[in-house]
>>> print(open('input_4.pdb').read())   # PDB, C-alpha atoms and all ligand atoms
ATOM      1  CA  MET A  14     122.070-105.260-171.841
ATOM      2  CA  THR A  15     124.591-107.434-169.979
ATOM      3  CA  VAL A  16     124.552-111.189-170.082
ATOM      4  CA  THR A  17     127.112-113.322-168.284
ATOM      5  CA  ASP A  18     128.536-116.210-170.277
ATOM      6  CA  ARG A  19     127.721-119.450-168.459
ATOM      7  CA  TRP A  20     130.041-122.457-168.441
ATOM      8  CA  GLN A  21     128.787-124.997-165.948
ATOM      9  CA  ASP A  22     127.005-127.961-167.370
ATOM     10  CA  GLY A  23     128.857-130.249-169.768
ATOM     11  CA  ALA A  24     125.927-132.104-171.364
ATOM     12  CA  PRO A  25     124.118-129.125-172.967
ATOM     13  CA  TYR A  26     127.486-127.652-174.011
ATOM     14  CA  GLU A  27     128.279-130.887-175.837
ATOM     15  CA  ARG A  28     125.002-130.709-177.799
ATOM     16  CA  TYR A  29     125.537-127.029-178.597
ATOM     17  CA  VAL A  30     129.172-126.441-179.608
ATOM     18  CA  GLY A  31     131.033-129.338-178.003
ATOM     19  CA  ARG A  32     130.164-131.729-180.813
ATOM     20  CA  TRP A  33     131.754-129.336-183.303
ATOM     21  CA  SER A  34     134.692-128.349-181.126
ATOM     22  CA  ARG A  35     135.706-132.028-181.102
ATOM     23  CA  LEU A  36     135.979-132.042-184.901
ATOM     24  CA  VAL A  37     138.027-128.834-184.875
ATOM     25  CA  ALA A  38     140.294-130.191-182.125
ATOM     26  CA  GLU A  39     141.069-133.325-184.148
ATOM     27  CA  ARG A  40     141.977-131.293-187.218
ATOM     28  CA  PHE A  41     144.011-128.789-185.172
ATOM     29  CA  VAL A  42     146.180-131.377-183.376
ATOM     30  CA  ASP A  43     146.912-133.008-186.725
ATOM     31  CA  SER A  44     148.298-129.702-187.996
ATOM     32  CA  LEU A  45     150.761-129.306-185.110
ATOM     33  CA  ASP A  46     154.457-130.001-185.430
ATOM     34  CA  ALA A  47     154.595-131.882-182.094
ATOM     35  CA  GLU A  48     156.141-135.194-181.059
ATOM     36  CA  ARG A  49     154.902-138.186-179.158
ATOM     37  CA  GLY A  50     155.619-138.648-175.460
ATOM     38  CA  ILE A  51     156.029-135.028-174.329
ATOM     39  CA  ARG A  52     154.301-132.817-171.728
ATOM     40  CA  TRP A  53     151.093-130.974-172.705
ATOM     41  CA  LEU A  54     148.909-128.320-171.104
ATOM     42  CA  ASP A  55     145.347-127.627-172.325
ATOM     43  CA  VAL A  56     144.178-124.224-171.054
ATOM     44  CA  GLY A  57     140.402-123.744-170.823
ATOM     45  CA  CYS A  58     140.055-127.461-171.497
ATOM     46  CA  GLY A  59     136.311-127.430-170.777
ATOM     47  CA  THR A  60     134.774-130.860-171.317
ATOM     48  CA  GLY A  61     138.036-132.187-172.736
ATOM     49  CA  ALA A  62     137.580-132.134-176.533
ATOM     50  CA  LEU A  63     141.105-130.934-177.227
ATOM     51  CA  THR A  64     142.672-132.973-174.409
ATOM     52  CA  ALA A  65     141.156-136.157-175.847
ATOM     53  CA  ALA A  66     142.267-135.293-179.378
ATOM     54  CA  ALA A  67     145.834-134.616-178.166
ATOM     55  CA  ILE A  68     145.968-137.937-176.314
ATOM     56  CA  GLU A  69     144.737-139.855-179.329
ATOM     57  CA  ARG A  70     147.024-138.151-181.861
ATOM     58  CA  TRP A  71     150.212-137.539-179.859
ATOM     59  CA  SER A  72     150.225-139.886-176.807
ATOM     60  CA  PRO A  73     151.610-137.234-174.415
ATOM     61  CA  SER A  74     153.672-138.355-171.428
ATOM     62  CA  SER A  75     151.432-136.042-169.384
ATOM     63  CA  ILE A  76     148.571-133.697-170.134
ATOM     64  CA  LEU A  77     147.115-131.219-167.678
ATOM     65  CA  GLY A  78     143.740-129.593-168.308
ATOM     66  CA  VAL A  79     143.008-126.270-166.578
ATOM     67  CA  ASP A  80     139.582-124.632-166.523
ATOM     68  CA  PRO A  81     137.643-122.428-164.061
ATOM     69  CA  SER A  82     134.515-124.602-164.409
ATOM     70  CA  GLU A  83     134.458-127.564-162.026
ATOM     71  CA  GLY A  84     131.314-128.808-163.841
ATOM     72  CA  PHE A  85     133.175-128.947-167.170
ATOM     73  CA  LEU A  86     136.208-130.591-165.558
ATOM     74  CA  ALA A  87     133.933-133.297-164.131
ATOM     75  CA  ALA A  88     132.711-133.991-167.677
ATOM     76  CA  ALA A  89     136.307-134.013-168.993
ATOM     77  CA  ARG A  90     137.422-136.584-166.402
ATOM     78  CA  GLU A  91     134.640-138.935-167.549
ATOM     79  CA  ARG A  92     135.130-138.375-171.250
ATOM     80  CA  PRO A  93     135.813-141.454-173.416
ATOM     81  CA  GLY A  94     139.481-141.379-174.409
ATOM     82  CA  ILE A  95     140.402-139.594-171.151
ATOM     83  CA  ALA A  96     138.699-141.572-168.351
ATOM     84  CA  GLY A  97     141.189-143.940-166.746
ATOM     85  CA  ARG A  98     144.270-142.371-168.395
ATOM     86  CA  ALA A  99     146.879-141.831-165.682
ATOM     87  CA  GLU A 100     148.712-139.239-167.792
ATOM     88  CA  ALA A 101     145.668-136.908-167.821
ATOM     89  CA  ARG A 102     145.012-134.594-164.869
ATOM     90  CA  PHE A 103     142.612-131.685-164.439
ATOM     91  CA  VAL A 104     142.714-128.722-162.088
ATOM     92  CA  VAL A 105     140.560-125.650-161.597
ATOM     93  CA  GLY A 106     142.390-122.513-162.683
ATOM     94  CA  ASP A 107     142.446-119.348-164.734
ATOM     95  CA  ALA A 108     144.429-118.791-167.928
ATOM     96  CA  GLN A 109     145.716-115.477-166.558
ATOM     97  CA  HIS A 110     147.252-117.145-163.471
ATOM     98  CA  LEU A 111     148.057-120.697-164.429
ATOM     99  CA  PRO A 112     148.628-123.091-161.516
ATOM    100  CA  VAL A 113     151.725-124.413-163.299
ATOM    101  CA  PRO A 114     155.454-123.742-162.617
ATOM    102  CA  ASP A 115     157.765-122.028-165.137
ATOM    103  CA  ASP A 116     159.086-124.129-168.076
ATOM    104  CA  ALA A 117     156.969-127.104-166.992
ATOM    105  CA  VAL A 118     155.471-128.263-170.313
ATOM    106  CA  ASP A 119     156.505-128.737-173.931
ATOM    107  CA  VAL A 120     153.204-127.880-175.602
ATOM    108  CA  VAL A 121     150.542-125.386-174.522
ATOM    109  CA  VAL A 122     147.243-125.508-176.385
ATOM    110  CA  SER A 123     143.995-123.656-175.871
ATOM    111  CA  GLY A 124     140.850-124.230-177.914
ATOM    112  CA  LEU A 125     138.010-121.707-178.253
ATOM    113  CA  VAL A 126     138.961-119.925-175.026
ATOM    114  CA  LEU A 127     141.073-116.807-175.531
ATOM    115  CA  ASN A 128     138.160-114.482-176.297
ATOM    116  CA  PHE A 129     136.522-115.359-172.973
ATOM    117  CA  VAL A 130     139.602-114.433-170.961
ATOM    118  CA  PRO A 131     139.422-110.816-169.735
ATOM    119  CA  ASP A 132     143.133-110.147-170.448
ATOM    120  CA  ALA A 133     144.164-112.309-173.401
ATOM    121  CA  ALA A 134     147.712-110.883-173.454
ATOM    122  CA  ALA A 135     148.166-111.905-169.798
ATOM    123  CA  ALA A 136     146.994-115.407-170.697
ATOM    124  CA  VAL A 137     149.449-115.688-173.601
ATOM    125  CA  ALA A 138     152.235-114.418-171.305
ATOM    126  CA  GLU A 139     151.296-117.253-168.959
ATOM    127  CA  PHE A 140     151.430-119.746-171.843
ATOM    128  CA  THR A 141     154.972-118.636-172.664
ATOM    129  CA  ARG A 142     155.982-118.622-168.975
ATOM    130  CA  VAL A 143     154.983-122.242-168.411
ATOM    131  CA  ALA A 144     156.312-123.536-171.760
ATOM    132  CA  ALA A 145     159.919-124.759-171.773
ATOM    133  CA  PRO A 146     162.446-123.159-174.167
ATOM    134  CA  GLY A 147     161.620-124.264-177.717
ATOM    135  CA  GLY A 148     158.098-125.191-176.612
ATOM    136  CA  LEU A 149     155.063-125.003-178.859
ATOM    137  CA  VAL A 150     152.287-122.544-177.946
ATOM    138  CA  ALA A 151     149.116-122.789-180.026
ATOM    139  CA  ALA A 152     145.485-121.793-179.802
ATOM    140  CA  TYR A 153     142.398-121.364-181.939
ATOM    141  CA  VAL A 154     139.199-119.352-181.704
ATOM    142  CA  TRP A 155     135.990-119.353-183.724
ATOM    143  CA  ASP A 156     135.823-116.845-186.562
ATOM    144  CA  TYR A 157     132.705-115.315-184.997
ATOM    145  CA  ALA A 158     132.631-112.330-187.324
ATOM    146  CA  ASP A 159     132.285-114.384-190.466
ATOM    147  CA  GLY A 160     133.254-118.018-190.969
ATOM    148  CA  MET A 161     131.472-119.661-187.995
ATOM    149  CA  ARG A 162     128.198-119.805-189.908
ATOM    150  CA  MET A 163     126.031-121.382-187.177
ATOM    151  CA  LEU A 164     126.746-118.526-184.763
ATOM    152  CA  ARG A 165     126.864-115.847-187.463
ATOM    153  CA  THR A 166     123.378-116.896-188.616
ATOM    154  CA  PHE A 167     122.114-116.874-185.040
ATOM    155  CA  TRP A 168     123.370-113.374-184.178
ATOM    156  CA  ASP A 169     122.168-111.911-187.474
ATOM    157  CA  ALA A 170     118.695-113.359-186.809
ATOM    158  CA  ALA A 171     118.731-112.163-183.186
ATOM    159  CA  ALA A 172     119.767-108.598-184.101
ATOM    160  CA  SER A 173     117.086-108.360-186.773
ATOM    161  CA  VAL A 174     114.419-109.220-184.159
ATOM    162  CA  ASP A 175     115.966-107.547-181.105
ATOM    163  CA  PRO A 176     118.402-104.699-181.914
ATOM    164  CA  ALA A 177     119.792-104.906-178.355
ATOM    165  CA  ALA A 178     121.210-108.326-179.233
ATOM    166  CA  SER A 179     123.757-106.781-181.578
ATOM    167  CA  GLU A 180     125.876-105.594-178.652
ATOM    168  CA  LEU A 181     126.132-109.221-177.506
ATOM    169  CA  ASP A 182     127.041-110.464-180.993
ATOM    170  CA  GLU A 183     130.241-112.450-180.501
ATOM    171  CA  GLY A 184     131.556-111.142-183.844
ATOM    172  CA  ARG A 185     131.491-107.669-182.333
ATOM    173  CA  ARG A 186     132.400-108.601-178.739
ATOM    174  CA  PHE A 187     135.471-110.589-179.689
ATOM    175  CA  PRO A 188     137.645-108.536-182.065
ATOM    176  CA  THR A 189     140.641-110.685-181.047
ATOM    177  CA  CYS A 190     139.219-113.533-183.111
ATOM    178  CA  ARG A 191     140.757-112.332-186.385
ATOM    179  CA  PRO A 192     144.120-113.202-187.922
ATOM    180  CA  GLU A 193     145.979-109.929-187.300
ATOM    181  CA  PRO A 194     145.118-109.490-183.599
ATOM    182  CA  LEU A 195     146.036-113.135-183.001
ATOM    183  CA  ARG A 196     149.349-112.743-184.792
ATOM    184  CA  GLU A 197     150.110-109.634-182.723
ATOM    185  CA  LEU A 198     149.234-111.372-179.470
ATOM    186  CA  TRP A 199     151.631-114.210-180.249
ATOM    187  CA  SER A 200     154.435-112.165-181.779
ATOM    188  CA  GLY A 201     154.425-109.718-178.852
ATOM    189  CA  SER A 202     154.459-112.328-176.122
ATOM    190  CA  PRO A 203     157.656-112.581-174.019
ATOM    191  CA  GLY A 204     159.989-115.309-175.225
ATOM    192  CA  MET A 205     158.101-116.070-178.439
ATOM    193  CA  ASP A 206     160.139-116.481-181.622
ATOM    194  CA  ALA A 207     158.168-113.964-183.693
ATOM    195  CA  ASP A 208     159.406-115.522-186.972
ATOM    196  CA  SER A 209     157.822-118.833-186.033
ATOM    197  CA  VAL A 210     154.320-117.417-185.615
ATOM    198  CA  ARG A 211     151.710-118.481-188.164
ATOM    199  CA  VAL A 212     147.952-117.968-188.306
ATOM    200  CA  GLU A 213     145.833-120.320-190.393
ATOM    201  CA  PRO A 214     142.212-121.361-190.768
ATOM    202  CA  VAL A 215     140.999-124.686-189.408
ATOM    203  CA  GLU A 216     137.591-125.443-190.875
ATOM    204  CA  ILE A 217     134.980-128.129-190.455
ATOM    205  CA  ASP A 218     131.520-128.923-191.816
ATOM    206  CA  THR A 219     128.698-128.578-189.330
ATOM    207  CA  VAL A 220     125.824-130.728-190.610
ATOM    208  CA  PHE A 221     122.516-130.649-188.728
ATOM    209  CA  SER A 222     120.008-133.452-189.309
ATOM    210  CA  ASP A 223     117.154-130.920-189.450
ATOM    211  CA  PHE A 224     116.274-127.449-188.191
ATOM    212  CA  ASP A 225     115.495-128.726-184.711
ATOM    213  CA  ASP A 226     118.981-130.241-184.483
ATOM    214  CA  LEU A 227     120.366-126.766-185.174
ATOM    215  CA  TRP A 228     117.950-124.821-182.993
ATOM    216  CA  ALA A 229     117.302-126.962-179.896
ATOM    217  CA  PRO A 230     120.913-126.761-178.579
ATOM    218  CA  PHE A 231     120.572-122.953-178.484
ATOM    219  CA  LEU A 232     118.018-123.540-175.701
ATOM    220  CA  GLY A 233     120.562-125.291-173.432
ATOM    221  CA  GLY A 234     121.772-122.188-171.580
ATOM    222  CA  GLN A 235     125.559-122.751-171.968
ATOM    223  CA  GLY A 236     127.649-120.151-173.793
ATOM    224  CA  PRO A 237     126.867-116.599-174.952
ATOM    225  CA  ALA A 238     124.088-117.185-177.491
ATOM    226  CA  PRO A 239     122.083-119.664-175.345
ATOM    227  CA  THR A 240     122.612-117.453-172.298
ATOM    228  CA  TYR A 241     121.201-114.486-174.223
ATOM    229  CA  LEU A 242     118.289-116.563-175.512
ATOM    230  CA  ALA A 243     117.401-117.639-171.965
ATOM    231  CA  SER A 244     117.086-113.954-171.036
ATOM    232  CA  VAL A 245     114.456-112.933-173.631
ATOM    233  CA  THR A 246     110.669-113.343-173.739
ATOM    234  CA  ASP A 247     109.051-116.378-175.359
ATOM    235  CA  ALA A 248     107.786-114.181-178.200
ATOM    236  CA  THR A 249     111.277-112.820-178.958
ATOM    237  CA  ARG A 250     112.768-116.297-178.801
ATOM    238  CA  GLU A 251     110.179-117.640-181.236
ATOM    239  CA  ALA A 252     110.682-114.717-183.614
ATOM    240  CA  ILE A 253     114.458-115.335-183.623
ATOM    241  CA  ARG A 254     113.837-119.033-184.281
ATOM    242  CA  ASP A 255     111.557-118.238-187.224
ATOM    243  CA  ARG A 256     114.022-115.729-188.665
ATOM    244  CA  MET A 257     116.826-118.253-188.352
ATOM    245  CA  ARG A 258     114.725-120.924-190.069
ATOM    246  CA  GLN A 259     114.228-118.545-193.008
ATOM    247  CA  SER A 260     117.880-117.664-193.248
ATOM    248  CA  VAL A 261     119.117-121.278-193.305
ATOM    249  CA  ALA A 262     116.610-122.272-196.009
ATOM    250  CA  PRO A 263     119.240-121.923-198.780
ATOM    251  CA  ALA A 264     121.553-124.294-196.870
ATOM    252  CA  THR A 265     118.794-126.891-196.349
ATOM    253  CA  ARG A 266     119.128-130.045-198.438
ATOM    254  CA  SER A 267     116.319-132.199-199.875
ATOM    255  CA  ASP A 268     116.426-134.584-196.874
ATOM    256  CA  GLY A 269     115.950-131.633-194.481
ATOM    257  CA  SER A 270     119.542-131.605-193.260
ATOM    258  CA  ILE A 271     121.382-128.299-193.068
ATOM    259  CA  ALA A 272     125.042-128.001-193.997
ATOM    260  CA  MET A 273     127.161-125.042-192.931
ATOM    261  CA  ARG A 274     130.882-124.391-192.596
ATOM    262  CA  ALA A 275     132.554-123.431-189.349
ATOM    263  CA  ARG A 276     135.947-121.740-189.391
ATOM    264  CA  THR A 277     138.400-121.154-186.595
ATOM    265  CA  TRP A 278     141.620-119.167-186.734
ATOM    266  CA  ALA A 279     144.560-121.041-185.292
ATOM    267  CA  VAL A 280     147.709-119.263-184.108
ATOM    268  CA  ILE A 281     150.859-121.264-183.588
ATOM    269  CA  GLY A 282     154.327-120.260-182.427
ATOM    270  CA  ARG A 283     157.464-121.568-180.755
ATOM    271  CA  LEU A 284     159.483-120.120-177.945
ATOM    272  CA  GLY A 285     163.010-119.104-178.868
TER     273      GLY A 285
HETATM  274  C1  LIG B 301     133.946-122.676-175.728
HETATM  275  S1  LIG B 301     134.547-123.456-174.276
HETATM  276  C2  LIG B 301     135.886-124.406-174.982
HETATM  277  C3  LIG B 301     136.201-125.633-174.194
HETATM  278  C4  LIG B 301     137.188-126.594-174.831
HETATM  279  N1  LIG B 301     138.527-126.038-174.913
HETATM  280  C5  LIG B 301     136.708-127.055-176.194
HETATM  281  O1  LIG B 301     137.439-126.875-177.170
HETATM  282  O2  LIG B 301     135.606-127.625-176.265
HETATM  283  C6  LIG B 301     135.346-122.135-173.417
HETATM  284  C7  LIG B 301     136.030-122.592-172.147
HETATM  285  O3  LIG B 301     136.807-121.496-171.648
HETATM  286  C8  LIG B 301     136.775-121.596-170.255
HETATM  287  N2  LIG B 301     137.195-120.305-169.687
HETATM  288  C9  LIG B 301     136.469-119.177-169.558
HETATM  289  N3  LIG B 301     137.205-118.221-168.950
HETATM  290  C10 LIG B 301     138.430-118.753-168.710
HETATM  291  C11 LIG B 301     139.629-118.272-168.097
HETATM  292  N4  LIG B 301     139.723-117.020-167.610
HETATM  293  N5  LIG B 301     140.696-119.114-167.998
HETATM  294  C12 LIG B 301     140.617-120.370-168.512
HETATM  295  N6  LIG B 301     139.501-120.878-169.089
HETATM  296  C13 LIG B 301     138.425-120.082-169.193
HETATM  297  C14 LIG B 301     135.339-121.965-169.954
HETATM  298  O4  LIG B 301     135.158-122.463-168.643
HETATM  299  C15 LIG B 301     135.085-122.992-171.051
HETATM  300  O5  LIG B 301     135.425-124.287-170.620
END
>>> encode(input="input_4.pdb", output="structure tokens", more="lines below")
Ligand SMILES: C[S@@+](CC[C@H](N)C(=O)[O-])C[C@H]1O[C@@H](n2cnc3c(N)ncnc32)[C@H](O)[C@@H]1O
Amino acid sequence: MTVTDRWQDGAPYERYVGRWSRLVAERFVDSLDAERGIRWLDVGCGTGALTAAAIERWSPSSILGVDPSEGFLAAARERPGIAGRAEARFVVGDAQHLPVPDDAVDVVVSGLVLNFVPDAAAAVAEFTRVAAPGGLVAAYVWDYADGMRMLRTFWDAAASVDPAASELDEGRRFPTCRPEPLRELWSGSPGMDADSVRVEPVEIDTVFSDFDDLWAPFLGGQGPAPTYLASVTDATREAIRDRMRQSVAPATRSDGSIAMRARTWAVIGRLG
């Protein structure tokens, strides 16, 4: 089975993962050893969660968002905290061939993107090419295999109903999203000071008001799991929903809300 990951429409993405990626972005930028008033690049900026968090926390002198999806960039330009900010610009582009000159920025960040890039090492080489000497290069990805409980629960439910879904399981598809592969990617990238590289978890609580608040965003068609779900029959979709409802029962509180943890792995390094 092949399913293409779709990234086009900002509104359903926001309801699905965007609302959580904002929380991760805020925590991640807080953990960075950056300074105010310097030049930032956000690769795979999507609807602008990380760009907005960087502006709020670090007041960059400039911040450029690059993403292949014009639909997501349109949402980023309108995002509260970004709209009307002269220092923020957005251009269509690919992480593997950044439309940015050498040594042009002081900080390169990329949130929840690397696993979607066909050649992650080429992307990291681009990050180090465009960062100035001494620049900070940092990224994070969901821990699909384990700690991102919302997606882990979904793929486990899907595979138990439809064995073909297991080959689309992001925990299996994205082996880069573990500490050691991330460390290797950073340490092996040209110009990186290997001693500066650290990998650490950035975790948030994902709290859903009820089961529908967890399930309905999976029907929005943006991202791997919703794209898969749009490709199956109604009966399969309903069986996955019912299986997922059973499996989140232990995490359901007396008011019906469902609390899960979501972990990303962040990798951070400096150029020599
Ligand atoms: C899960 S979203 C993350 C968006 C945003 N950074 C955030 O934290 O909400 C993944 C993003 O990666 C982008 N993307 C996919 N392939 C890419 C590539 N080759 N180069 C750059 N961005 C890419 C998608 O368009 C999408 O915006």
>>> residues_around(input="input_4.pdb", residues="stretch 196-212 of chain A", least_positions_apart="3", cutoff="7 Å", atoms="only C-alpha atoms", output="PyMOL selection string")
chain A and resi 134+137-138+141+192-193+278-285
>>> resolve_selection(input="input_4.pdb", expression="the PyMOL selection byres (((chain A and resi 244-249) around 12) and not hetatm)", output="number ranges by chain")
A: 14-18, 170-178, 232, 234, 237-243, 250-256
>>> write_last_selection(input="input_4.pdb", atoms="C-alpha atoms", output="short mmCIF file (atom, residue, chain, number, x, y, z; two decimals), keeping the file's coordinate frame")
data_model
loop_
_atom_site.label_atom_id
_atom_site.label_comp_id
_atom_site.auth_asym_id
_atom_site.auth_seq_id
_atom_site.Cartn_x
_atom_site.Cartn_y
_atom_site.Cartn_z
CA MET A 14 122.07 -105.26 -171.84
CA THR A 15 124.59 -107.43 -169.98
CA VAL A 16 124.55 -111.19 -170.08
CA THR A 17 127.11 -113.32 -168.28
CA ASP A 18 128.54 -116.21 -170.28
CA ALA A 170 118.70 -113.36 -186.81
CA ALA A 171 118.73 -112.16 -183.19
CA ALA A 172 119.77 -108.60 -184.10
CA SER A 173 117.09 -108.36 -186.77
CA VAL A 174 114.42 -109.22 -184.16
CA ASP A 175 115.97 -107.55 -181.10
CA PRO A 176 118.40 -104.70 -181.91
CA ALA A 177 119.79 -104.91 -178.36
CA ALA A 178 121.21 -108.33 -179.23
CA LEU A 232 118.02 -123.54 -175.70
CA GLY A 234 121.77 -122.19 -171.58
CA PRO A 237 126.87 -116.60 -174.95
CA ALA A 238 124.09 -117.18 -177.49
CA PRO A 239 122.08 -119.66 -175.34
CA THR A 240 122.61 -117.45 -172.30
CA TYR A 241 121.20 -114.49 -174.22
CA LEU A 242 118.29 -116.56 -175.51
CA ALA A 243 117.40 -117.64 -171.96
CA ARG A 250 112.77 -116.30 -178.80
CA GLU A 251 110.18 -117.64 -181.24
CA ALA A 252 110.68 -114.72 -183.61
CA ILE A 253 114.46 -115.34 -183.62
CA ARG A 254 113.84 -119.03 -184.28
CA ASP A 255 111.56 -118.24 -187.22
CA ARG A 256 114.02 -115.73 -188.66
#
>>> closest_atom_pairs(input="input_4.pdb", of="chain A", to="ligand LIG 301 (chain B)", cutoff="8 Å", atoms="all atoms listed in the file", output="JSON lines")
{"residue": "A:Trp20", "atom": "CA", "partner": "B:LIG301", "partner_atom": "O4", "distance": 5.1}
{"residue": "A:Gln21", "atom": "CA", "partner": "B:LIG301", "partner_atom": "O4", "distance": 7.4}
{"residue": "A:Val30", "atom": "CA", "partner": "B:LIG301", "partner_atom": "C1", "distance": 7.2}
{"residue": "A:Gly31", "atom": "CA", "partner": "B:LIG301", "partner_atom": "O2", "distance": 5.2}
{"residue": "A:Ser34", "atom": "CA", "partner": "B:LIG301", "partner_atom": "O2", "distance": 5.0}
{"residue": "A:Arg35", "atom": "CA", "partner": "B:LIG301", "partner_atom": "O2", "distance": 6.5}
{"residue": "A:Val37", "atom": "CA", "partner": "B:LIG301", "partner_atom": "O1", "distance": 8.0}
{"residue": "A:Ala38", "atom": "CA", "partner": "B:LIG301", "partner_atom": "O1", "distance": 6.6}
{"residue": "A:Asp55", "atom": "CA", "partner": "B:LIG301", "partner_atom": "N1", "distance": 7.5}
{"residue": "A:Val56", "atom": "CA", "partner": "B:LIG301", "partner_atom": "C12", "distance": 5.8}
{"residue": "A:Gly57", "atom": "CA", "partner": "B:LIG301", "partner_atom": "N6", "distance": 3.5}
{"residue": "A:Cys58", "atom": "CA", "partner": "B:LIG301", "partner_atom": "N1", "distance": 4.0}
{"residue": "A:Gly59", "atom": "CA", "partner": "B:LIG301", "partner_atom": "O5", "distance": 3.3}
{"residue": "A:Thr60", "atom": "CA", "partner": "B:LIG301", "partner_atom": "O2", "distance": 6.0}
{"residue": "A:Gly61", "atom": "CA", "partner": "B:LIG301", "partner_atom": "C4", "distance": 6.0}
{"residue": "A:Ala62", "atom": "CA", "partner": "B:LIG301", "partner_atom": "O2", "distance": 4.9}
{"residue": "A:Leu63", "atom": "CA", "partner": "B:LIG301", "partner_atom": "O1", "distance": 5.5}
{"residue": "A:Val79", "atom": "CA", "partner": "B:LIG301", "partner_atom": "C12", "distance": 6.7}
{"residue": "A:Asp80", "atom": "CA", "partner": "B:LIG301", "partner_atom": "N6", "distance": 4.5}
{"residue": "A:Pro81", "atom": "CA", "partner": "B:LIG301", "partner_atom": "O4", "distance": 5.2}
{"residue": "A:Ser82", "atom": "CA", "partner": "B:LIG301", "partner_atom": "O4", "distance": 4.8}
{"residue": "A:Phe85", "atom": "CA", "partner": "B:LIG301", "partner_atom": "O5", "distance": 6.2}
{"residue": "A:Gly106", "atom": "CA", "partner": "B:LIG301", "partner_atom": "C12", "distance": 6.5}
{"residue": "A:Asp107", "atom": "CA", "partner": "B:LIG301", "partner_atom": "N5", "distance": 3.7}
{"residue": "A:Ala108", "atom": "CA", "partner": "B:LIG301", "partner_atom": "N5", "distance": 3.7}
{"residue": "A:Gln109", "atom": "CA", "partner": "B:LIG301", "partner_atom": "N4", "distance": 6.3}
{"residue": "A:Ser123", "atom": "CA", "partner": "B:LIG301", "partner_atom": "N1", "distance": 6.0}
{"residue": "A:Gly124", "atom": "CA", "partner": "B:LIG301", "partner_atom": "N1", "distance": 4.2}
{"residue": "A:Leu125", "atom": "CA", "partner": "B:LIG301", "partner_atom": "C2", "distance": 4.7}
{"residue": "A:Val126", "atom": "CA", "partner": "B:LIG301", "partner_atom": "O3", "distance": 4.3}
{"residue": "A:Leu127", "atom": "CA", "partner": "B:LIG301", "partner_atom": "O3", "distance": 7.4}
{"residue": "A:Phe129", "atom": "CA", "partner": "B:LIG301", "partner_atom": "N3", "distance": 5.0}
{"residue": "A:Val130", "atom": "CA", "partner": "B:LIG301", "partner_atom": "N4", "distance": 4.2}
{"residue": "A:Pro131", "atom": "CA", "partner": "B:LIG301", "partner_atom": "N4", "distance": 6.6}
{"residue": "A:Ala136", "atom": "CA", "partner": "B:LIG301", "partner_atom": "N5", "distance": 7.8}
{"residue": "A:Gly236", "atom": "CA", "partner": "B:LIG301", "partner_atom": "C1", "distance": 7.1}
>>> write_last_selection(input="input_4.pdb", atoms="C-alpha atoms", output="PDB file, keeping the file's coordinate frame")
ATOM      1  CA  TRP A  20     130.041-122.457-168.441  1.00  0.00           C
ATOM      2  CA  GLN A  21     128.787-124.997-165.948  1.00  0.00           C
ATOM      3  CA  VAL A  30     129.172-126.441-179.608  1.00  0.00           C
ATOM      4  CA  GLY A  31     131.033-129.338-178.003  1.00  0.00           C
ATOM      5  CA  SER A  34     134.692-128.349-181.126  1.00  0.00           C
ATOM      6  CA  ARG A  35     135.706-132.028-181.102  1.00  0.00           C
ATOM      7  CA  VAL A  37     138.027-128.834-184.875  1.00  0.00           C
ATOM      8  CA  ALA A  38     140.294-130.191-182.125  1.00  0.00           C
ATOM      9  CA  ASP A  55     145.347-127.627-172.325  1.00  0.00           C
ATOM     10  CA  VAL A  56     144.178-124.224-171.054  1.00  0.00           C
ATOM     11  CA  GLY A  57     140.402-123.744-170.823  1.00  0.00           C
ATOM     12  CA  CYS A  58     140.055-127.461-171.497  1.00  0.00           C
ATOM     13  CA  GLY A  59     136.311-127.430-170.777  1.00  0.00           C
ATOM     14  CA  THR A  60     134.774-130.860-171.317  1.00  0.00           C
ATOM     15  CA  GLY A  61     138.036-132.187-172.736  1.00  0.00           C
ATOM     16  CA  ALA A  62     137.580-132.134-176.533  1.00  0.00           C
ATOM     17  CA  LEU A  63     141.105-130.934-177.227  1.00  0.00           C
ATOM     18  CA  VAL A  79     143.008-126.270-166.578  1.00  0.00           C
ATOM     19  CA  ASP A  80     139.582-124.632-166.523  1.00  0.00           C
ATOM     20  CA  PRO A  81     137.643-122.428-164.061  1.00  0.00           C
ATOM     21  CA  SER A  82     134.515-124.602-164.409  1.00  0.00           C
ATOM     22  CA  PHE A  85     133.175-128.947-167.170  1.00  0.00           C
ATOM     23  CA  GLY A 106     142.390-122.513-162.683  1.00  0.00           C
ATOM     24  CA  ASP A 107     142.446-119.348-164.734  1.00  0.00           C
ATOM     25  CA  ALA A 108     144.429-118.791-167.928  1.00  0.00           C
ATOM     26  CA  GLN A 109     145.716-115.477-166.558  1.00  0.00           C
ATOM     27  CA  SER A 123     143.995-123.656-175.871  1.00  0.00           C
ATOM     28  CA  GLY A 124     140.850-124.230-177.914  1.00  0.00           C
ATOM     29  CA  LEU A 125     138.010-121.707-178.253  1.00  0.00           C
ATOM     30  CA  VAL A 126     138.961-119.925-175.026  1.00  0.00           C
ATOM     31  CA  LEU A 127     141.073-116.807-175.531  1.00  0.00           C
ATOM     32  CA  PHE A 129     136.522-115.359-172.973  1.00  0.00           C
ATOM     33  CA  VAL A 130     139.602-114.433-170.961  1.00  0.00           C
ATOM     34  CA  PRO A 131     139.422-110.816-169.735  1.00  0.00           C
ATOM     35  CA  ALA A 136     146.994-115.407-170.697  1.00  0.00           C
ATOM     36  CA  GLY A 236     127.649-120.151-173.793  1.00  0.00           C
TER      37      GLY A 236
END
>>> resolve_selection(input="input_4.pdb", expression="the PyMOL selection byres (((chain A and resi 276) around 10) and not hetatm)", output="list of chain:residue names")
A:Val37, A:Tyr153, A:Val154, A:Trp155, A:Asp156, A:Tyr157, A:Asp159, A:Gly160, A:Met161, A:Arg162, A:Pro214, A:Val215, A:Glu216, A:Ile217, A:Asp218, A:Thr219, A:Arg274, A:Ala275, A:Thr277, A:Trp278, A:Ala279
